[in-house]
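Q: Quick one: the structure is below, questions incoming.
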Amino acid sequence: MFDPNLTRQLEGVETPFYYYDLDLLKRTLETVKAAAEKRNFHIHYAYKANYNERILHWINAYGFGADCVSGNEVKKAIEIGVHPDKIAFAGVGKTDKEIRYALQQEIFSFNVESPEELLVIGELAVQEQRTARIALRINPNVDAQTHHYITTGLDENKFGIMPGDLPECIAVAKANPYLELHGIHFHIGSQILEMNVFKSLCIKVNEWNRWFEEHGIYLRTLNVGGGLGVDYKQPDEFPLPDFDAYFSVFEQFLEKRPNQEVHFEIGRAIVAQCGTLISKALYIKKGIKKHFVILDAGMTELMRPALYQAYHAIENISAKTGAVQLHYDIVGPICESSDSFGKEVLLPEVHRGDLLAIRTAGAYGEVMSSRYNLRDEIRHYFKETD
Ligand code: LLP
């Protein structure tokens, strides 16, 4: 829970805003770094989860690379100071302009998603007279057992190369001296809490690793993507995901060859917990069947509940101790019925002007915000002790 001193500080800040606890972010980064380093794993932070510059600054300061999904994210990583050798560029729809830019920056890896894309990267590499280091993203057909909107590694998904297309990709890579095939890449989905899913992924990666060997290709890198989930239900009890348990699955089940590097692209698990959306109760509206708390934040600031029915813990951080507990539907001001943060939420009685904290909103929160209804730009408040 928020400490009361903090609530007092926040009371003067114009709402709604994202509150980022940079102390917690640093603690998370230390934990991930220690857990990865002892296994010699390489981490690329997935920029799509949150590209707030103060957050990126610290992620880079701890030495993490970048996993980017647009030319602008690659550019942002370069501006933040990430060494191009640590930048991976994924995505099913890379434009010529984005590919040229990334070639000029000599990034670590293009994670290629189709034979058609590989041909284009090859042609542009020749034109630019630069080597394109490539990893083939394979669709492994592993069920991530998560929300279907954030599942990416099934046959029916648009992501990755279908196994049947791999021989063609290898032929294209071999025929073009400007293409350097260094690895294979996988990403099966996000918010994965079941560690067995990662074990299934390892088994698939091993199969493909062997398949490439049998085809006379030695892979320098295995990139297993991201996807580690966080505890949205009990943000105080489990403030950090169990990175050790996660990495140890790969340590145990991934059959890497002596000189092979293992790469990860972690987004949510690094930033989710350090972000909270703070919003003010504008009105307590007594409907016929229920009470609504109408907030000054809506789906424009945090879209996850409206888009995926995602759960975020909500607290009334202005509540007085001993206040009566009531059920509320917590909604925003946007002209859409899906503009809701939670139904039948039990909270200490809410009064107009109270601050509500919508927790674990640091990943895929601010980055997915919009100006729909011509809303204000997102505001921020950072907690940083040193
Ligand atoms: N690598 C690739 C290729 C990805 O597509 C993603 C996420 C990641 C890494 C990072 O995954 P993470 O560690 O954050 O799970 N907007 C959704 C999540 C979309 C995830 C997209 N890809 C949400 O709010 O839940």
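In the structure tokens, chains take the letters A, B, ... in the order shown, each chain's residues start at 1, and ligands count up from 1 in the order shown.
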Using only C-alpha atoms and all ligand atoms, determine which residues fall within 9 Å of ligand 1, then list them as an NGL selection string.
A: :A and (44-49 or 67-69 or 89-91 or 111 or 137 or 147 or 149-152 or 159 or 185-192 or 224-229 or 264-272 or 303-305 or 307-308 or 310 or 363-365 or 367-368)
Q: Since we have the selection now, will you write its residues out, keeping N, CA and C atoms, as a short mmCIF file (atom, residue, chain, number, x, y, z; two decimals), in the first residue's frame?
A:
```cif
data_model
loop_
_atom_site.label_atom_id
_atom_site.label_comp_id
_atom_site.auth_asym_id
_atom_site.auth_seq_id
_atom_site.Cartn_x
_atom_site.Cartn_y
_atom_site.Cartn_z
N HIS A 44 17.55 -8.08 -23.38
CA HIS A 44 17.14 -6.89 -24.14
C HIS A 44 15.80 -6.47 -23.54
N TYR A 45 15.73 -5.25 -23.07
CA TYR A 45 14.45 -4.77 -22.53
C TYR A 45 13.52 -4.44 -23.71
N ALA A 46 12.27 -4.92 -23.65
CA ALA A 46 11.31 -4.68 -24.74
C ALA A 46 10.75 -3.26 -24.62
N TYR A 47 11.23 -2.37 -25.49
CA TYR A 47 10.86 -0.95 -25.42
C TYR A 47 9.36 -0.71 -25.49
N LYS A 48 8.65 -1.62 -26.15
CA LYS A 48 7.22 -1.39 -26.34
C LYS A 48 6.47 -1.33 -25.01
N ALA A 49 7.03 -1.93 -23.96
CA ALA A 49 6.31 -1.97 -22.68
C ALA A 49 6.23 -0.59 -22.02
N ASP A 67 15.07 -4.35 -27.16
CA ASP A 67 14.29 -5.10 -28.14
C ASP A 67 13.29 -4.10 -28.71
N CYS A 68 13.40 -3.83 -30.01
CA CYS A 68 12.60 -2.76 -30.61
C CYS A 68 11.67 -3.33 -31.66
N VAL A 69 10.58 -2.59 -31.88
CA VAL A 69 9.59 -3.10 -32.81
C VAL A 69 9.19 -2.04 -33.84
N PHE A 89 15.75 -5.87 -33.53
CA PHE A 89 14.63 -5.22 -34.20
C PHE A 89 13.69 -6.30 -34.74
N ALA A 90 12.51 -6.40 -34.11
CA ALA A 90 11.52 -7.41 -34.50
C ALA A 90 10.31 -6.74 -35.13
N GLY A 91 9.32 -7.53 -35.51
CA GLY A 91 8.08 -6.97 -36.05
C GLY A 91 7.76 -7.53 -37.42
N ASN A 111 15.22 -9.46 -36.32
CA ASN A 111 14.48 -10.70 -36.08
C ASN A 111 13.44 -10.82 -37.18
N ARG A 137 12.80 -15.68 -36.79
CA ARG A 137 11.80 -15.89 -35.74
C ARG A 137 10.89 -17.05 -36.17
N HIS A 147 -4.08 -14.69 -22.24
CA HIS A 147 -5.19 -14.08 -22.98
C HIS A 147 -4.94 -14.22 -24.49
N TYR A 149 -5.51 -12.44 -26.94
CA TYR A 149 -5.00 -11.24 -27.62
C TYR A 149 -3.48 -11.10 -27.49
N ILE A 150 -2.90 -11.75 -26.48
CA ILE A 150 -1.46 -11.60 -26.28
C ILE A 150 -0.73 -12.93 -26.42
N THR A 151 -1.34 -13.84 -27.19
CA THR A 151 -0.69 -15.10 -27.56
C THR A 151 -0.12 -14.92 -28.94
N THR A 152 1.14 -15.29 -29.12
CA THR A 152 1.76 -15.00 -30.41
C THR A 152 2.40 -16.20 -31.08
N PHE A 159 2.58 -14.06 -36.37
CA PHE A 159 3.99 -13.86 -36.03
C PHE A 159 4.87 -15.03 -36.44
N HIS A 185 14.94 -17.08 -33.19
CA HIS A 185 14.21 -16.23 -32.25
C HIS A 185 12.80 -16.77 -32.05
N PHE A 186 12.33 -16.66 -30.82
CA PHE A 186 10.99 -17.15 -30.47
C PHE A 186 10.35 -16.12 -29.54
N HIS A 187 9.06 -15.97 -29.63
CA HIS A 187 8.32 -15.23 -28.59
C HIS A 187 6.90 -15.75 -28.65
N ILE A 188 6.44 -16.37 -27.57
CA ILE A 188 5.17 -17.10 -27.66
C ILE A 188 3.99 -16.35 -27.05
N GLY A 189 4.26 -15.26 -26.35
CA GLY A 189 3.15 -14.52 -25.76
C GLY A 189 3.59 -13.79 -24.52
N SER A 190 2.63 -13.16 -23.87
CA SER A 190 2.94 -12.27 -22.76
C SER A 190 2.10 -12.63 -21.54
N GLN A 191 2.53 -12.11 -20.38
CA GLN A 191 1.82 -12.38 -19.10
C GLN A 191 1.68 -13.89 -18.87
N ILE A 192 2.80 -14.59 -19.01
CA ILE A 192 2.82 -16.05 -18.80
C ILE A 192 3.25 -16.32 -17.36
N VAL A 224 15.00 -16.33 -26.86
CA VAL A 224 13.74 -16.97 -26.43
C VAL A 224 12.63 -15.96 -26.13
N GLY A 225 12.85 -14.68 -26.48
CA GLY A 225 11.80 -13.67 -26.34
C GLY A 225 11.54 -13.29 -24.89
N GLY A 226 10.31 -12.83 -24.66
CA GLY A 226 9.95 -12.38 -23.30
C GLY A 226 8.73 -13.15 -22.82
N GLY A 227 7.88 -12.47 -22.07
CA GLY A 227 6.60 -13.08 -21.71
C GLY A 227 6.38 -13.35 -20.24
N LEU A 228 7.42 -13.19 -19.41
CA LEU A 228 7.23 -13.48 -17.98
C LEU A 228 6.14 -12.58 -17.40
N GLY A 229 5.19 -13.18 -16.73
CA GLY A 229 4.06 -12.42 -16.18
C GLY A 229 4.34 -11.82 -14.82
N PHE A 264 17.20 -12.84 -24.09
CA PHE A 264 15.80 -12.68 -23.65
C PHE A 264 15.33 -11.28 -24.04
N GLU A 265 14.02 -11.14 -24.19
CA GLU A 265 13.44 -9.81 -24.47
C GLU A 265 12.34 -9.57 -23.46
N ILE A 266 12.69 -9.06 -22.31
CA ILE A 266 11.72 -8.93 -21.22
C ILE A 266 11.17 -7.50 -21.18
N GLY A 267 9.88 -7.39 -21.15
CA GLY A 267 9.25 -6.07 -21.07
C GLY A 267 8.49 -5.91 -19.77
N ARG A 268 7.30 -6.49 -19.74
CA ARG A 268 6.38 -6.32 -18.62
C ARG A 268 7.02 -6.54 -17.26
N ALA A 269 7.75 -7.66 -17.10
CA ALA A 269 8.25 -8.04 -15.78
C ALA A 269 9.25 -7.02 -15.23
N ILE A 270 9.81 -6.20 -16.11
CA ILE A 270 10.78 -5.19 -15.64
C ILE A 270 10.07 -3.91 -15.18
N VAL A 271 9.01 -3.51 -15.88
CA VAL A 271 8.44 -2.19 -15.59
C VAL A 271 7.03 -2.17 -15.01
N ALA A 272 6.30 -3.29 -15.07
CA ALA A 272 4.87 -3.23 -14.67
C ALA A 272 4.70 -2.69 -13.26
N MET A 303 -5.54 1.50 -21.13
CA MET A 303 -6.51 0.83 -22.00
C MET A 303 -6.68 -0.66 -21.70
N ARG A 304 -5.78 -1.23 -20.91
CA ARG A 304 -5.75 -2.68 -20.73
C ARG A 304 -7.09 -3.27 -20.24
N PRO A 305 -7.75 -2.64 -19.24
CA PRO A 305 -9.03 -3.23 -18.81
C PRO A 305 -10.08 -3.21 -19.93
N LEU A 307 -9.55 -3.15 -23.18
CA LEU A 307 -9.14 -3.94 -24.34
C LEU A 307 -9.08 -5.44 -24.05
N TYR A 308 -8.56 -5.80 -22.89
CA TYR A 308 -8.38 -7.24 -22.59
C TYR A 308 -9.14 -7.68 -21.34
N ALA A 310 -8.46 -6.73 -18.58
CA ALA A 310 -7.33 -6.97 -17.68
C ALA A 310 -7.66 -6.47 -16.28
N ALA A 363 3.63 -1.27 -17.29
CA ALA A 363 3.87 -1.90 -18.60
C ALA A 363 2.61 -1.82 -19.44
N TYR A 364 2.75 -1.41 -20.67
CA TYR A 364 1.64 -1.33 -21.62
C TYR A 364 0.52 -0.44 -21.09
N GLY A 365 0.90 0.56 -20.30
CA GLY A 365 -0.07 1.52 -19.78
C GLY A 365 0.08 2.82 -20.56
N VAL A 367 2.23 3.74 -22.71
CA VAL A 367 2.54 3.59 -24.15
C VAL A 367 1.29 3.33 -25.00
N MET A 368 0.25 2.80 -24.38
CA MET A 368 -0.96 2.51 -25.15
C MET A 368 -2.02 3.59 -24.94
#
```
Q: For stretch 339-349 of chain A, please output as a PyMOL selection string all residues within 10 Å (counting only C-alpha atoms; exclusion window: fewer than 3 positions along the same chain).
A: chain A and resi 284+290-295+297-300+302-307+309-336+354+356+358
Q: Using only C-alpha atoms, which of A:Thr221, A:Gln127, A:Gln9, A:Asn60 sits nearest A:Pro258?
A: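 Looking only at the distances to A:Pro258, the closest residue turns out to be A:Thr221.
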Q: Work out how far apart atom CA of A:Glu255 and atom CA of A:Asn206 are and give it in Å to one decimal.
A: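 The value is 5.9 Å.
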Q: Mind the document's chain letters and residue numbers, and return as a PyMOL selection string the residues of stretch 163-270 of chain A that DSSP labels alpha helix (DSSP H).
A: chain A and resi 166-175+195-214+243-253+268-270
Q: Between atom CA of A:Arg257 and atom CA of A:Leu119, measure the distance and give it in Å to one decimal.
A: 28.9 Å
Q: One number please: atom CA of A:Ile278 to atom CA of A:Phe17, in Å, one decimal.
A: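 We find that atom CA of A:Ile278 and atom CA of A:Phe17 lie 5.5 Å from each other.
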